[in-house]
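Below: model-v5.cif (mmCIF, C-alpha atoms and all ligand atoms)
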data_upload
loop_
_atom_site.label_atom_id
_atom_site.label_comp_id
_atom_site.auth_asym_id
_atom_site.auth_seq_id
_atom_site.Cartn_x
_atom_site.Cartn_y
_atom_site.Cartn_z
CA MET J 1 -12.02 -13.42 -11.88
CA LEU J 2 -10.08 -13.01 -15.13
CA ILE J 3 -6.55 -14.44 -15.17
CA ASP J 4 -4.28 -14.20 -18.20
CA GLY J 5 -1.83 -16.76 -19.59
CA HIS J 6 0.92 -15.45 -17.29
CA GLY J 7 -1.16 -15.69 -14.12
CA ARG J 8 -1.94 -11.97 -13.91
CA LYS J 9 -5.33 -10.82 -12.65
CA VAL J 10 -7.07 -8.61 -15.24
CA ASN J 11 -9.73 -6.24 -13.91
CA TYR J 12 -9.22 -3.13 -16.05
CA LEU J 13 -10.80 -2.48 -19.45
CA ARG J 14 -9.95 0.56 -21.54
CA VAL J 15 -12.55 1.35 -24.18
CA SER J 16 -11.72 3.59 -27.12
CA VAL J 17 -15.00 5.01 -28.38
CA THR J 18 -13.58 6.72 -31.47
CA GLU J 19 -10.26 7.01 -33.24
CA ARG J 20 -11.16 10.52 -34.49
CA CYS J 21 -9.65 13.54 -32.85
CA ASN J 22 -9.80 17.32 -32.97
CA PHE J 23 -6.04 17.51 -32.20
CA ARG J 24 -3.10 16.31 -34.27
CA CYS J 25 -0.57 15.61 -31.53
CA GLN J 26 2.97 15.08 -32.77
CA TYR J 27 3.36 11.84 -30.81
CA CYS J 28 0.01 10.38 -31.85
CA MET J 29 -1.34 11.50 -35.26
CA PRO J 30 0.58 14.51 -36.60
CA GLU J 31 -1.20 14.03 -39.94
CA LYS J 32 -4.84 13.10 -40.20
CA PRO J 33 -4.88 9.35 -40.82
CA PHE J 34 -5.26 8.53 -44.53
CA SER J 35 -8.88 7.65 -43.89
CA TRP J 36 -10.95 7.41 -40.76
CA VAL J 37 -12.82 4.23 -40.04
CA PRO J 38 -16.27 4.85 -41.57
CA LYS J 39 -18.85 5.55 -38.85
CA GLU J 40 -20.89 2.49 -39.85
CA ASN J 41 -17.93 0.26 -38.94
CA LEU J 42 -17.92 1.50 -35.36
CA LEU J 43 -19.74 -0.45 -32.70
CA SER J 44 -22.75 1.34 -31.27
CA PHE J 45 -22.75 2.15 -27.57
CA GLU J 46 -25.25 -0.69 -27.08
CA GLU J 47 -22.86 -3.14 -28.77
CA LEU J 48 -19.87 -1.91 -26.76
CA PHE J 49 -22.01 -2.18 -23.64
CA LEU J 50 -22.90 -5.79 -24.39
CA PHE J 51 -19.21 -6.65 -24.23
CA ILE J 52 -18.59 -4.44 -21.21
CA LYS J 53 -21.31 -6.33 -19.32
CA VAL J 54 -19.55 -9.60 -20.17
CA GLY J 55 -16.31 -8.12 -18.81
CA ILE J 56 -17.98 -6.83 -15.63
CA ASP J 57 -19.64 -10.19 -15.02
CA GLU J 58 -16.21 -11.83 -15.30
CA GLY J 59 -14.48 -9.42 -12.89
CA ILE J 60 -13.75 -6.12 -14.67
CA ASP J 61 -14.34 -3.34 -12.13
CA LYS J 62 -12.32 -0.51 -13.62
CA ILE J 63 -13.27 1.03 -16.97
CA ARG J 64 -11.58 3.91 -18.73
CA ILE J 65 -13.14 5.58 -21.75
CA THR J 66 -10.63 6.94 -24.20
CA GLY J 67 -10.00 7.49 -27.91
CA GLY J 68 -9.06 9.34 -30.21
CA GLU J 69 -10.92 12.10 -28.46
CA PRO J 70 -13.83 10.48 -26.62
CA LEU J 71 -15.72 13.76 -26.19
CA LEU J 72 -16.23 13.86 -29.97
CA ARG J 73 -18.66 10.97 -29.74
CA THR J 74 -22.17 12.18 -29.01
CA GLY J 75 -24.15 10.51 -26.27
CA LEU J 76 -21.11 9.67 -24.16
CA ASP J 77 -22.93 10.63 -20.97
CA LYS J 78 -25.69 8.11 -21.77
CA PHE J 79 -23.06 5.43 -22.42
CA ILE J 80 -21.45 6.15 -19.04
CA LYS J 81 -24.84 5.98 -17.37
CA MET J 82 -25.54 2.56 -18.95
CA ILE J 83 -22.30 1.23 -17.46
CA ASN J 84 -22.76 2.93 -14.11
CA ASP J 85 -26.34 1.67 -13.75
CA TYR J 86 -25.27 -1.91 -14.49
CA LYS J 87 -23.27 -2.32 -11.31
CA SER J 88 -22.59 -0.06 -8.38
CA GLY J 89 -19.07 0.72 -7.26
CA LEU J 90 -17.41 0.58 -10.67
CA ASP J 91 -14.44 2.87 -11.14
CA ILE J 92 -15.37 4.72 -14.35
CA ALA J 93 -12.78 7.15 -15.71
CA LEU J 94 -12.14 9.10 -18.92
CA THR J 95 -9.01 10.27 -20.72
CA THR J 96 -9.50 13.44 -22.76
CA ASN J 97 -7.53 16.22 -24.36
CA GLY J 98 -9.82 18.58 -22.42
CA TYR J 99 -10.78 20.83 -25.33
CA LEU J 100 -14.53 20.15 -25.10
CA LEU J 101 -14.57 19.30 -21.42
CA ALA J 102 -15.92 22.47 -19.81
CA GLY J 103 -19.27 22.15 -21.62
CA VAL J 104 -19.91 18.50 -20.75
CA ALA J 105 -18.13 17.87 -17.42
CA GLN J 106 -21.29 18.17 -15.31
CA ASP J 107 -23.32 15.82 -17.54
CA LEU J 108 -20.53 13.25 -17.43
CA LYS J 109 -20.30 13.47 -13.65
CA ASP J 110 -24.07 13.18 -13.29
CA ALA J 111 -23.93 10.06 -15.48
CA GLY J 112 -21.49 8.37 -13.09
CA LEU J 113 -18.03 9.39 -14.23
CA LYS J 114 -15.66 9.49 -11.26
CA ARG J 115 -12.32 10.63 -12.60
CA ILE J 116 -10.69 12.13 -15.65
CA ASN J 117 -7.17 12.33 -16.99
CA VAL J 118 -6.45 15.40 -19.07
CA SER J 119 -3.43 15.69 -21.34
CA LEU J 120 -1.52 18.87 -20.55
CA ASP J 121 1.93 18.92 -22.10
CA THR J 122 2.69 22.63 -21.73
CA LEU J 123 1.52 25.92 -20.25
CA LYS J 124 2.60 27.94 -23.27
CA ASP J 125 0.06 28.74 -25.99
CA ASP J 126 2.55 28.44 -28.84
CA VAL J 127 3.97 25.14 -27.60
CA ALA J 128 0.46 23.71 -27.18
CA ALA J 129 -0.27 24.74 -30.77
CA LYS J 130 2.98 23.18 -31.94
CA ILE J 131 2.21 19.87 -30.24
CA SER J 132 -1.50 19.61 -31.03
CA GLY J 133 -1.71 21.47 -34.35
CA LYS J 134 -4.00 24.28 -33.18
CA ASP J 135 -4.55 26.93 -30.55
CA VAL J 136 -5.97 24.82 -27.73
CA LEU J 137 -4.50 25.75 -24.38
CA LYS J 138 -7.09 28.23 -23.12
CA LYS J 139 -9.97 25.79 -23.61
CA VAL J 140 -8.01 22.89 -22.13
CA LYS J 141 -7.30 24.92 -18.99
CA GLU J 142 -10.97 25.94 -18.77
CA GLY J 143 -11.92 22.26 -19.00
CA ILE J 144 -9.53 21.33 -16.20
CA ALA J 145 -10.83 24.16 -13.99
CA LYS J 146 -14.47 23.20 -14.60
CA ALA J 147 -13.86 19.53 -13.87
CA GLN J 148 -12.14 20.41 -10.59
CA GLU J 149 -14.84 22.91 -9.67
CA ILE J 150 -17.60 20.30 -9.93
CA GLY J 151 -15.64 17.72 -7.95
CA LEU J 152 -14.42 15.28 -10.58
CA GLY J 153 -11.05 13.76 -9.73
CA VAL J 154 -8.57 15.25 -12.21
CA LYS J 155 -5.17 13.84 -13.07
CA ILE J 156 -2.80 15.30 -15.64
CA ASN J 157 -0.88 13.36 -18.29
CA ASN J 158 2.26 14.94 -19.73
CA VAL J 159 4.59 13.57 -22.43
CA PRO J 160 7.93 15.45 -22.16
CA LEU J 161 9.68 15.90 -25.52
CA LYS J 162 13.19 17.17 -26.09
CA GLY J 163 13.35 20.64 -27.61
CA ILE J 164 9.56 21.11 -27.34
CA ASN J 165 8.19 21.06 -23.78
CA ALA J 166 11.00 19.46 -21.77
CA ASP J 167 12.05 22.80 -20.25
CA GLU J 168 8.61 23.23 -18.64
CA ILE J 169 8.52 20.16 -16.46
CA ILE J 170 8.81 22.10 -13.21
CA GLU J 171 6.24 24.72 -14.26
CA VAL J 172 3.66 22.11 -15.24
CA LEU J 173 4.35 20.17 -12.06
CA GLU J 174 3.86 23.32 -9.96
CA TYR J 175 0.63 24.16 -11.84
CA CYS J 176 -0.67 20.73 -10.83
CA LYS J 177 0.67 20.89 -7.29
CA GLU J 178 -0.98 24.29 -6.66
CA ARG J 179 -4.30 22.78 -7.73
CA ASN J 180 -3.74 19.54 -5.83
CA MET J 181 -3.90 17.50 -9.04
CA PRO J 182 -1.66 14.47 -9.48
CA ILE J 183 0.51 14.43 -12.61
CA ARG J 184 2.00 11.53 -14.53
CA PHE J 185 4.92 12.11 -16.86
CA ILE J 186 4.72 9.49 -19.62
CA GLU J 187 7.85 8.55 -21.52
CA TYR J 188 7.24 9.05 -25.22
CA MET J 189 6.49 5.67 -26.83
CA GLU J 190 7.89 5.34 -30.31
CA ASN J 191 5.27 4.34 -32.88
CA LYS J 192 4.98 4.40 -36.66
CA HIS J 193 2.21 7.02 -36.70
CA ALA J 194 4.09 9.70 -34.75
CA ASN J 195 6.43 12.37 -36.04
CA ASP J 196 9.63 10.34 -36.40
CA LYS J 197 11.85 13.26 -35.32
CA LEU J 198 10.54 13.22 -31.77
CA GLU J 199 12.73 12.32 -28.85
CA GLY J 200 11.20 11.81 -25.45
CA LEU J 201 12.76 12.40 -22.05
CA SER J 202 13.62 9.31 -20.06
CA GLU J 203 12.40 8.76 -16.53
CA GLU J 204 15.90 9.57 -15.30
CA GLU J 205 15.97 12.85 -17.23
CA VAL J 206 12.57 13.89 -15.85
CA LYS J 207 13.77 13.14 -12.32
CA GLN J 208 16.98 15.11 -12.85
CA LYS J 209 15.02 18.18 -13.95
CA ILE J 210 12.70 18.05 -10.95
CA ALA J 211 15.64 17.45 -8.61
CA THR J 212 17.12 20.83 -9.59
CA LYS J 213 14.41 22.41 -7.42
CA TYR J 214 12.76 19.78 -5.21
CA ASN J 215 13.68 16.88 -2.91
CA PHE J 216 11.63 13.76 -3.47
CA THR J 217 11.76 10.07 -2.67
CA GLU J 218 10.32 7.06 -4.42
CA VAL J 219 7.25 5.58 -2.75
CA LYS J 220 5.19 2.45 -3.38
CA ARG J 221 3.28 2.13 -6.67
CA GLU J 222 -0.50 2.53 -6.36
CA GLY J 223 -2.03 -0.92 -7.00
CA ALA J 224 -1.22 -2.24 -10.49
CA SER J 225 -0.62 1.26 -11.86
CA PRO J 226 2.26 1.43 -14.37
CA SER J 227 3.37 4.67 -12.75
CA LYS J 228 6.38 4.83 -10.45
CA MET J 229 5.49 7.25 -7.66
CA TYR J 230 7.61 9.95 -6.06
CA GLU J 231 6.80 12.11 -3.05
CA PHE J 232 7.93 15.63 -2.17
CA ASP J 233 8.82 16.54 1.40
CA ASP J 234 5.38 18.15 1.78
CA GLY J 235 3.56 14.96 0.71
CA TYR J 236 2.62 15.93 -2.88
CA ARG J 237 3.13 12.99 -5.23
CA PHE J 238 3.92 12.75 -8.91
CA GLY J 239 4.37 9.73 -11.14
CA ILE J 240 6.49 8.67 -14.09
CA ILE J 241 5.45 5.98 -16.54
CA ASN J 242 8.43 4.27 -18.10
CA PRO J 243 7.30 1.66 -20.62
CA HIS J 244 10.91 1.18 -21.76
CA ALA J 245 11.80 -0.57 -18.50
CA HIS J 246 8.96 -3.17 -18.60
CA ASP J 247 8.97 -3.23 -14.83
CA PHE J 248 5.20 -2.72 -14.67
CA CYS J 249 4.36 -5.47 -17.20
CA GLU J 250 4.54 -8.14 -14.53
CA ASP J 251 1.50 -6.59 -12.81
CA CYS J 252 -0.34 -5.62 -16.01
CA ASN J 253 -4.07 -5.80 -15.30
CA ARG J 254 -5.50 -4.27 -18.46
CA ILE J 255 -6.93 -5.00 -21.88
CA ARG J 256 -8.11 -2.56 -24.53
CA LEU J 257 -11.18 -2.49 -26.76
CA THR J 258 -11.22 -0.31 -29.89
CA ALA J 259 -14.25 1.48 -31.29
CA GLU J 260 -14.40 -1.16 -34.05
CA GLY J 261 -14.53 -4.00 -31.54
CA VAL J 262 -10.91 -5.17 -31.62
CA LEU J 263 -9.82 -6.53 -28.26
CA ILE J 264 -6.14 -5.80 -27.72
CA PRO J 265 -4.10 -7.57 -25.06
CA CYS J 266 -1.07 -5.22 -25.11
CA LEU J 267 -0.51 -1.64 -26.25
CA TYR J 268 2.60 -2.59 -28.17
CA PHE J 269 1.57 -5.58 -30.27
CA GLU J 270 -0.61 -6.03 -33.35
CA GLU J 271 -2.09 -9.29 -32.01
CA ALA J 272 -5.77 -8.91 -31.19
CA LEU J 273 -9.17 -10.51 -31.78
CA SER J 274 -12.46 -8.97 -32.78
CA ILE J 275 -15.60 -9.17 -30.68
CA LYS J 276 -17.61 -7.49 -33.45
CA LYS J 277 -19.29 -10.60 -34.86
CA ALA J 278 -20.28 -11.81 -31.42
CA VAL J 279 -21.76 -8.52 -30.18
CA LYS J 280 -23.56 -7.82 -33.47
CA ALA J 281 -25.25 -11.23 -33.06
CA GLY J 282 -25.97 -10.57 -29.38
CA ASP J 283 -23.85 -13.66 -28.66
CA VAL J 284 -22.80 -13.23 -25.03
CA ALA J 285 -21.10 -16.63 -24.80
CA GLY J 286 -19.17 -15.93 -28.01
CA ALA J 287 -17.98 -12.56 -26.68
CA ALA J 288 -16.90 -14.21 -23.42
CA GLU J 289 -14.93 -16.82 -25.38
CA VAL J 290 -13.07 -14.12 -27.36
CA LEU J 291 -12.26 -12.36 -24.08
CA LYS J 292 -10.81 -15.55 -22.59
CA GLU J 293 -8.77 -16.27 -25.71
CA VAL J 294 -7.28 -12.77 -25.77
CA LEU J 295 -6.31 -13.20 -22.13
CA ARG J 296 -4.71 -16.57 -22.80
CA ASN J 297 -2.54 -14.91 -25.46
CA LYS J 298 -1.69 -11.70 -23.57
CA PRO J 299 2.06 -11.14 -24.05
CA GLU J 300 4.37 -11.13 -21.08
CA LYS J 301 5.73 -7.65 -21.82
CA ASN J 302 5.94 -4.91 -24.44
CA LYS J 303 9.02 -4.46 -26.62
CA TRP J 304 9.93 -0.85 -26.05
CA SER J 305 13.41 -0.89 -24.62
CA SER J 306 15.94 1.51 -23.16
CA ASP J 307 18.62 0.43 -25.65
CA GLU J 308 20.00 2.72 -28.33
CA GLU J 309 18.16 0.58 -30.91
CA ASN J 310 14.72 1.40 -29.66
CA GLU J 311 11.72 -0.60 -30.82
CA THR J 312 8.86 1.10 -32.64
CA SER J 313 5.30 -0.18 -32.36
CA ASP J 314 2.91 -0.42 -35.34
CA ARG J 315 -0.04 0.28 -33.11
CA ALA J 316 -1.62 3.73 -33.35
CA PHE J 317 -2.33 5.40 -30.03
CA TYR J 318 -5.47 7.00 -31.47
CA GLU J 319 -6.87 3.48 -32.08
CA THR J 320 -5.84 1.85 -28.84
CA GLY J 321 -6.55 4.84 -26.62
CA GLY J 322 -3.07 4.92 -25.09
N1 LIG J 401 -7.39 12.20 -26.78
C1 LIG J 401 -7.23 11.87 -25.42
C2 LIG J 401 -5.99 12.48 -24.84
O1 LIG J 401 -5.15 12.93 -25.59
O2 LIG J 401 -5.88 12.49 -23.60
C3 LIG J 401 -7.26 10.38 -25.16
C4 LIG J 401 -6.50 9.50 -26.10
S1 LIG J 401 -4.73 9.66 -26.02
C5 LIG J 401 -4.24 8.45 -27.20
C6 LIG J 401 -4.36 8.96 -24.44
C7 LIG J 401 -3.02 9.31 -23.85
O3 LIG J 401 -2.02 8.75 -24.67
C8 LIG J 401 -2.73 10.80 -23.78
O4 LIG J 401 -2.38 11.13 -22.44
C9 LIG J 401 -1.55 11.00 -24.67
O5 LIG J 401 -0.68 11.99 -24.18
C10 LIG J 401 -0.91 9.62 -24.65
N2 LIG J 401 -0.09 9.34 -25.80
C11 LIG J 401 -0.46 9.38 -27.11
N3 LIG J 401 0.57 9.04 -27.90
C12 LIG J 401 1.62 8.78 -27.07
C13 LIG J 401 2.97 8.35 -27.29
N4 LIG J 401 3.45 8.14 -28.49
N5 LIG J 401 3.75 8.17 -26.21
C14 LIG J 401 3.28 8.38 -24.96
N6 LIG J 401 2.02 8.75 -24.70
C15 LIG J 401 1.20 8.94 -25.74
FE1 LIG J 402 -5.89 13.30 -30.15
FE2 LIG J 402 -5.23 12.39 -27.77
FE3 LIG J 402 -3.94 11.56 -29.99
FE4 LIG J 402 -3.59 14.04 -29.13
S1 LIG J 402 -3.03 12.15 -28.01
S2 LIG J 402 -3.99 13.41 -31.26
S3 LIG J 402 -5.56 14.54 -28.31
S4 LIG J 402 -6.03 11.17 -29.49
#
Can the structure in the file be given as structure tokens, please?
Ligand code: SAM
Ligand code: SF4
Amino acid sequence: MLIDGHGRKVNYLRVSVTERCNFRCQYCMPEKPFSWVPKENLLSFEELFLFIKVGIDEGIDKIRITGGEPLLRTGLDKFIKMINDYKSGLDIALTTNGYLLAGVAQDLKDAGLKRINVSLDTLKDDVAAKISGKDVLKKVKEGIAKAQEIGLGVKINNVPLKGINADEIIEVLEYCKERNMPIRFIEYMENKHANDKLEGLSEEEVKQKIATKYNFTEVKREGASPSKMYEFDDGYRFGIINPHAHDFCEDCNRIRLTAEGVLIPCLYFEEALSIKKAVKAGDVAGAAEVLKEVLRNKPEKNKWSSDEENETSDRAFYETGG
């Protein structure tokens, strides 16, 4: 079992397989980064897998593949199969913008993928284009429909932004409810790579909007999920992730690996160590030592706050995978 320096059990690894993306979301990378990491600097799937095996042997049982846009990396289904074949019962999930999903959903499921999170910030074509930089909504919705049709668990992520998509919270919620898909509203996390004019809705503001039409009560969090959960009278549940309150940090069970092999203990901070040298040398013990050291140094909590003077992270979401 993996335990960090604050006594928290860590069983969840998020793996970003690429920082590249076919969208330019306002809150993530409104401009293409000055230069992408050259492909030769990325770890191969075999190298990433070497580390993942170390993590699984030590107690990781939940793996989420993310990015950038993970579906841009070819051979993702084979990567998922490698992980799935290594140990039965692993919870393997993917976070995607959904644009390329319809064409690959079945292959991913056949490879062992159990669940996906799709980012759906709006149901309006023009707003989707404004947020992501191109006309994407039709294909994203097709991807969601296909994934549901073939029996993948689908959850929706939504980042409500003032003056952009905040007036659609109820519509998006109802779209999800009608399709029996859970939705998580994620408070916008300020970071140096985003459009600096953005203002996110707070958890309280999201709740107020939903309360104009529905009754709901807070229910227990699901495991170590950062999401606070709310339930409608008819049993449908939605979640809100509020990183500004830090109230989920005390149960934080996750670490993040970037496509270049940087192992990151917390989404907010720059501190991290590389596993690249170890995996390139096939050094399992070395990789395990880096993992343990990162866990020893995992910070107690992030620094986003609810104060007027909000903190801004240097970390890019397209590197860490969110
Ligand atoms: N490209 C995929 C996608 O968009 O779903 C996976 C990577 S993306 C970085 C993962 C999640 O992070 C998405 O749900 C996205 O909405 C969220 N995200 C990105 N930047 C964010 C920010 N500044 N604040 C809150 N959530 C953010
Ligand atoms: Fe791409 Fe996802 Fe970032 Fe949007 S949030 S730019 S889809 S990586």
Smallest atom-to-atom distance to ligand LIG 401 (chain J): which of J:Asp196, J:Glu69, J:Glu319, J:Asp91, using all atoms listed in the file?
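Looking only at the distances to ligand LIG 401 (chain J), the closest residue turns out to be J:Glu69.
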Given a cut-off of 6 Å, what residues near ligand LIG 401 (chain J) show up using all atoms listed in the file, put as a list in words?
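Protein and nucleic-acid residues within 6 Å of ligand LIG 401 (chain J): Tyr27, Cys28, Thr66, Gly67, Gly68, Glu69, Thr95, Thr96, Asn97, Val118, Ser119, Asn157, Val159, Ile186, Glu187, Tyr188, Met189, Glu190, Phe317, Tyr318, Gly321 and Gly322 of chain J.
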Find, counting only C-alpha atoms and all ligand atoms, the residue in J:Val104, J:Ile131, J:Leu50, J:Leu76 that gets nearest to ligand LIG 402 (chain J).
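Among the listed residues, J:Ile131 lies closest to ligand LIG 402 (chain J).
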Residues near Ile116 of chain J, cut-off 6 Å, all atoms listed in the file, skip fewer than 2 positions along chain, as a ChimeraX atom specification:
/J:93-95,154
Export of prior selection with C-alpha atoms as a PDB file, in the coordinates of the input:
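Output below, filename out_31.pdb:
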ATOM      1  CA  ALA J  93     -12.780   7.150 -15.710  1.00  0.00           C
ATOM      2  CA  LEU J  94     -12.140   9.100 -18.920  1.00  0.00           C
ATOM      3  CA  THR J  95      -9.010  10.270 -20.720  1.00  0.00           C
ATOM      4  CA  VAL J 154      -8.570  15.250 -12.210  1.00  0.00           C
TER       5      VAL J 154
END
Taking all atoms of ligand LIG 402 (chain J) that the file lists and extending 5 Å past them on each side, where is the centre of the axis-aligned box and how long are its edges? Answer in Å to one decimal, as AutoDock Vina command-line options.
--center_x -4.5 --center_y 12.9 --center_z -29.5 --size_x 13.0 --size_y 13.4 --size_z 13.5
Using all atoms listed in the file, find the one residue out of J:Val172, J:Leu120, J:Leu108, J:Ile52 that sits nearest to Gly75 of chain J.
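Smallest distance to Gly75 of chain J is found for J:Leu108.
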Identify the residues around (-16.5, 22.7, -12.4) within a radius of 10 Å, measuring from all atoms listed in the file in the coordinates stated by the file, and give them as a PyMOL selection string.
chain J and resi 101-106+142-152
Which of J:Pro182, J:Pro33, J:Gly235, J:Gly223 sits closest to ligand LIG 402 (chain J) [using only C-alpha atoms and all ligand atoms]:
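When distances to ligand LIG 402 (chain J) are compared using only C-alpha atoms and all ligand atoms, the smallest one comes from J:Pro33.
Reported to one decimal place, the separation of atom CA of Ile241 of chain J from atom CA of Tyr12 of chain J is 17.3 Å.
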For atom CA of Lys155 of chain J and atom CA of Tyr99 of chain J, the interatomic separation in Å (one decimal)
15.2 Å
Between atom CA of Ser313 of chain J and atom CA of Met29 of chain J, what distance in Å does the model show, to one decimal?
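Computed distance, atom CA of Ser313 of chain J to atom CA of Met29 of chain J, equals 13.7 Å.
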Which of J:Ile164, J:Ile80, J:Val127, J:Met1 sits closest to Val15 of chain J [using all atoms listed in the file]
J:Ile80
Smallest atom-to-atom distance to Asn84 of chain J: which of J:Ile65, J:Ala111, J:Leu100, J:Leu48, using only C-alpha atoms?
J:Ala111
Using only C-alpha atoms - which residues lie no farther than 9 Å from the point (-15.9, -6.9, -35.1) in the file's frame? Write them as a count of residues only.
14
Selection: 8 Å around segment 290-307 of chain J, only C-alpha atoms, excl. self and same-chain fewer than 3 positions, as a PyMOL selection string
chain J and resi 2-6+55+189-190+243-246+249-250+263-269+272-275+286-287+310-313
Excluding Lys78 of chain J and any residue of its chain fewer than 4 positions from it, enumerate the residues within 12 Å of it, using all atoms listed in the file, and give them as a list in words.
Phe45, Glu46, Phe49, Arg73, Thr74, Met82, Ile83, Asn84, Asp85, Val104, Asp107, Leu108, Lys109, Asp110, Ala111, Gly112 and Leu113 of chain J
List the neighbours of segment 204-219 of chain J out to 6 Å using only C-alpha atoms; skip same-chain residues closer than 5 positions along the sequence, and give me the result as a VMD selection string.
chain J and resid 229 to 232
